[in-house]
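Okay, structure first, notes after.
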Amino acid sequence: MALRAALRTKCALSGFLSQPSSSSRHGRVCASTVLAAQQRSNSTSSKISVDFDQSTGVAVMHMKSPPVNSLSLDFLTEFCISLEKLEMDKSCRGLIITSSLPKVFSAGLDILEMYGKSPESCGEFWKAVQEMWLKLYSSNMVTVAAINGSSPAGGCLMSLTCDYRIMVDNPRYSIGLNETQLGIVAPFWFKDTMANTVGHRITEMALALGMLYSPAEALKIGLVDQIVPEEKLMSTAEQAMAKWLAIPAHARQLTKSMMRKPTVDRMTSKREADVQNFVSFITKDAIQNSLRVYLEMLKKRKA
Ligand SMILES: CC/C=C\C/C=C\CCCC/C=C/C(=O)SCCNC(=O)CCNC(=O)[C@H](O)C(C)(C)COP(=O)(O)OP(=O)(O)OC[C@H]1O[C@@H](n2cnc3c(N)ncnc32)[C@H](O)[C@@H]1OP(=O)(O)O
């Protein structure tokens, strides 16, 4: 509810995909300049910026929340607002999600939202995570993840909700649902999303061992669809997008719905119980202790 309220308030306050400003009142301008301005629009919030090209119907969402694009409540709220606005704009048919930060696509859920927080805060946070997944997994747009850095846990989930994943081929980057390494458990809908992509057995091993895969390994098991050099990432994403957009929209959307609806329905039917499960699990002393140890390990690794 809090997320929905925040969405309503922010939507009312901020103009999204701000109307391209015509410079014609300042005198004569080149027609192509005006056309280009009319065809592109930009929206920026503190953690997300969106470039929308009306001539292609494709928006690029840049995650820009240093240091690691962790999915905090604020980040998720902004993310969902941006997504909802794009979804409502009938001229927007495709979305590419990428990171503006070097080396990291997204570090996954913000651990600080789960550590030392009240049950109420944890509950609100979890609802925002559910909302992000639901919106992306059932989006009518073609969604492409352009993964230009590491993408553990919630970052991997975000990528998995897209229709197509392209990752930069850099062996320093990794991707996977590594929750068990933190002493926590990926919920059933994280598991379902991965199993829908790479199959049951690979998911079983990957989740149990908290596997993080290099781009080449991820390609091998089908966790990503393509790996490319960094400089080719966006052009490859645009090519993939064009291929998906060439399919008649209603046929593509119905097919996506047919493939994903059982997973979405399962999650939505258990949504409340899932929040309760999360809150009771994450606030346990033993789990809090595991998160503390993991946070310390992250800090030590840095030192
Ligand atoms: C029965 C079950 C019922 C219900 C379900 C219950 C449970 C729970 C399910 C929860 C599902 C959880 C999903 C998640 O996403 S958990 C998050 C997992 N993420 C990670 O493990 C990633 C950790 N981070 C890293 O590995 C690296 O940071 C990364 C991304 C490779 C980048 O490396 P680098 O560029 O070197 O950056 P640093 O490591 O130096 O990090 C910089 C800075 O950021 C802090 N940080 C990193 N990741 C996170 C994070 N996820 N959340 C919060 N903060 C993060 C890090 O500590 C550094 O902080 P500093 O203050 O030292 O600058």
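Here, A, B, ... name the chains of the structure tokens in the order displayed, residue numbers run from 1 inside each chain, and ligands are numbered from 1 in the same displayed order.
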
Discussion item. Using only C-alpha atoms, which protein or nucleic acid residues come within 8 Å of segment 91-96 of chain A? Drop anything in the same chain fewer than 6 positions from it, and give the result as a list of chain:residue names.
Written reply: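 Near segment 91-96 of chain A, the qualifying residues are A:Phe52, A:Gln54, A:Gly57, A:Val58, A:Ala59, A:Val60, A:Met61, A:Asn140, A:Met141, A:Val142, A:Thr143, A:Val144, A:Ala145, A:Ala146, A:Ala237, A:Met241, A:Leu245.
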
Worksheet item: Using only C-alpha atoms and all ligand atoms, what are the residues with an atom within 7 Å of ligand 1, set out as a PyMOL selection string?
Response: chain A and resi 67-68+70+103-104+106-112+150-155+178-179+182+184-187+274+277-278+281-282+295+298-299+302

Restrict the selected residues to C-alpha atoms and save them as a CSV table (one decimal), in the first residue's frame.
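again_12.csv was written with the following content:
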chain,number,residue,atom,x,y,z
A,67,PRO,CA,27.9,2.6,-5.5
A,68,VAL,CA,26.2,-0.6,-6.7
A,70,SER,CA,21.4,-1.9,-4.9
A,103,LYS,CA,31.3,-2.8,-13.4
A,104,VAL,CA,27.9,-3.3,-11.7
A,106,SER,CA,22.8,-4.3,-9.9
A,107,ALA,CA,24.1,-5.7,-6.6
A,108,GLY,CA,20.6,-7.1,-5.9
A,109,LEU,CA,18.4,-6.3,-2.9
A,110,ASP,CA,19.8,-3.6,-0.6
A,111,ILE,CA,21.0,-5.7,2.3
A,112,LEU,CA,20.6,-2.7,4.6
A,150,SER,CA,27.9,-8.0,-12.0
A,151,SER,CA,24.4,-9.0,-11.3
A,152,PRO,CA,24.0,-11.1,-8.2
A,153,ALA,CA,20.7,-12.2,-6.6
A,154,GLY,CA,18.0,-9.5,-7.0
A,155,GLY,CA,20.0,-8.1,-10.0
A,178,ASN,CA,23.6,-16.5,-4.8
A,179,GLU,CA,21.2,-16.0,-1.8
A,182,LEU,CA,24.3,-15.0,2.5
A,184,ILE,CA,19.1,-16.6,3.1
A,185,VAL,CA,16.8,-18.4,0.7
A,186,ALA,CA,15.5,-17.3,-2.7
A,187,PRO,CA,11.7,-17.3,-2.5
A,274,ASP,CA,4.9,-14.4,1.0
A,277,ASN,CA,7.0,-15.4,5.3
A,278,PHE,CA,9.7,-13.0,4.4
A,281,PHE,CA,12.2,-15.3,8.2
A,282,ILE,CA,14.4,-12.2,7.8
A,295,LEU,CA,28.0,-7.3,5.3
A,298,LEU,CA,31.8,-7.3,1.9
A,299,LYS,CA,33.6,-4.5,3.9
A,302,LYS,CA,37.1,-4.0,0.1

Response to the item:
Using only C-alpha atoms, the shortest atom-to-atom distance to Lys256 of chain A among A:Gln276, A:Asp74, A:Trp244, A:Gln39 belongs to A:Trp244

Discussion item. Residues within 10 Å of Gly123 of chain A, please, as a PyMOL selection string. Count only C-alpha atoms; anything in the same chain fewer than 3 positions from it doesn't count.
Written reply: chain A and resi 114+117-120+126-129+272+274-280+282

Worksheet item: With only C-alpha atoms as the basis for distance, which of A:Asn196, A:Thr263, A:Thr180, A:Ser139 is at the shortest distance from Leu160 of chain A?
Response: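 Once distances to Leu160 of chain A are computed over only C-alpha atoms, the minimum belongs to A:Asn196.
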
Item to complete: Write down as a ChimeraX atom specification the residues of segment 111-240 of chain A whose backbone DSSP state falls under helix (DSSP H, G or I).
Response: /A:111-113,119-137,154-160,179-182,188-198,200-209,215-221,230-240

Item to complete: Compare A:Ala246, A:Ala216, A:Ala195, A:Leu73 by their minimum atom-to-atom distance to Cys122 of chain A, counting only C-alpha atoms, and give me the closest one.
Response: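 Ranking A:Ala246, A:Ala216, A:Ala195, A:Leu73 by distance to Cys122 of chain A, first place goes to A:Leu73.
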
Discussion item. Just the number, please: distance in Å from atom CA of Ala249 of chain A to atom CA of Leu86 of chain A, one decimal.
Written reply: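 The value is 16.0 Å.
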
Worksheet item: From the list A:Thr197, A:Thr203, A:Gln239, A:Ser100, which residue is nearest Leu223 of chain A when using only C-alpha atoms?
Response: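 Among the listed residues, A:Thr197 lies closest to Leu223 of chain A.
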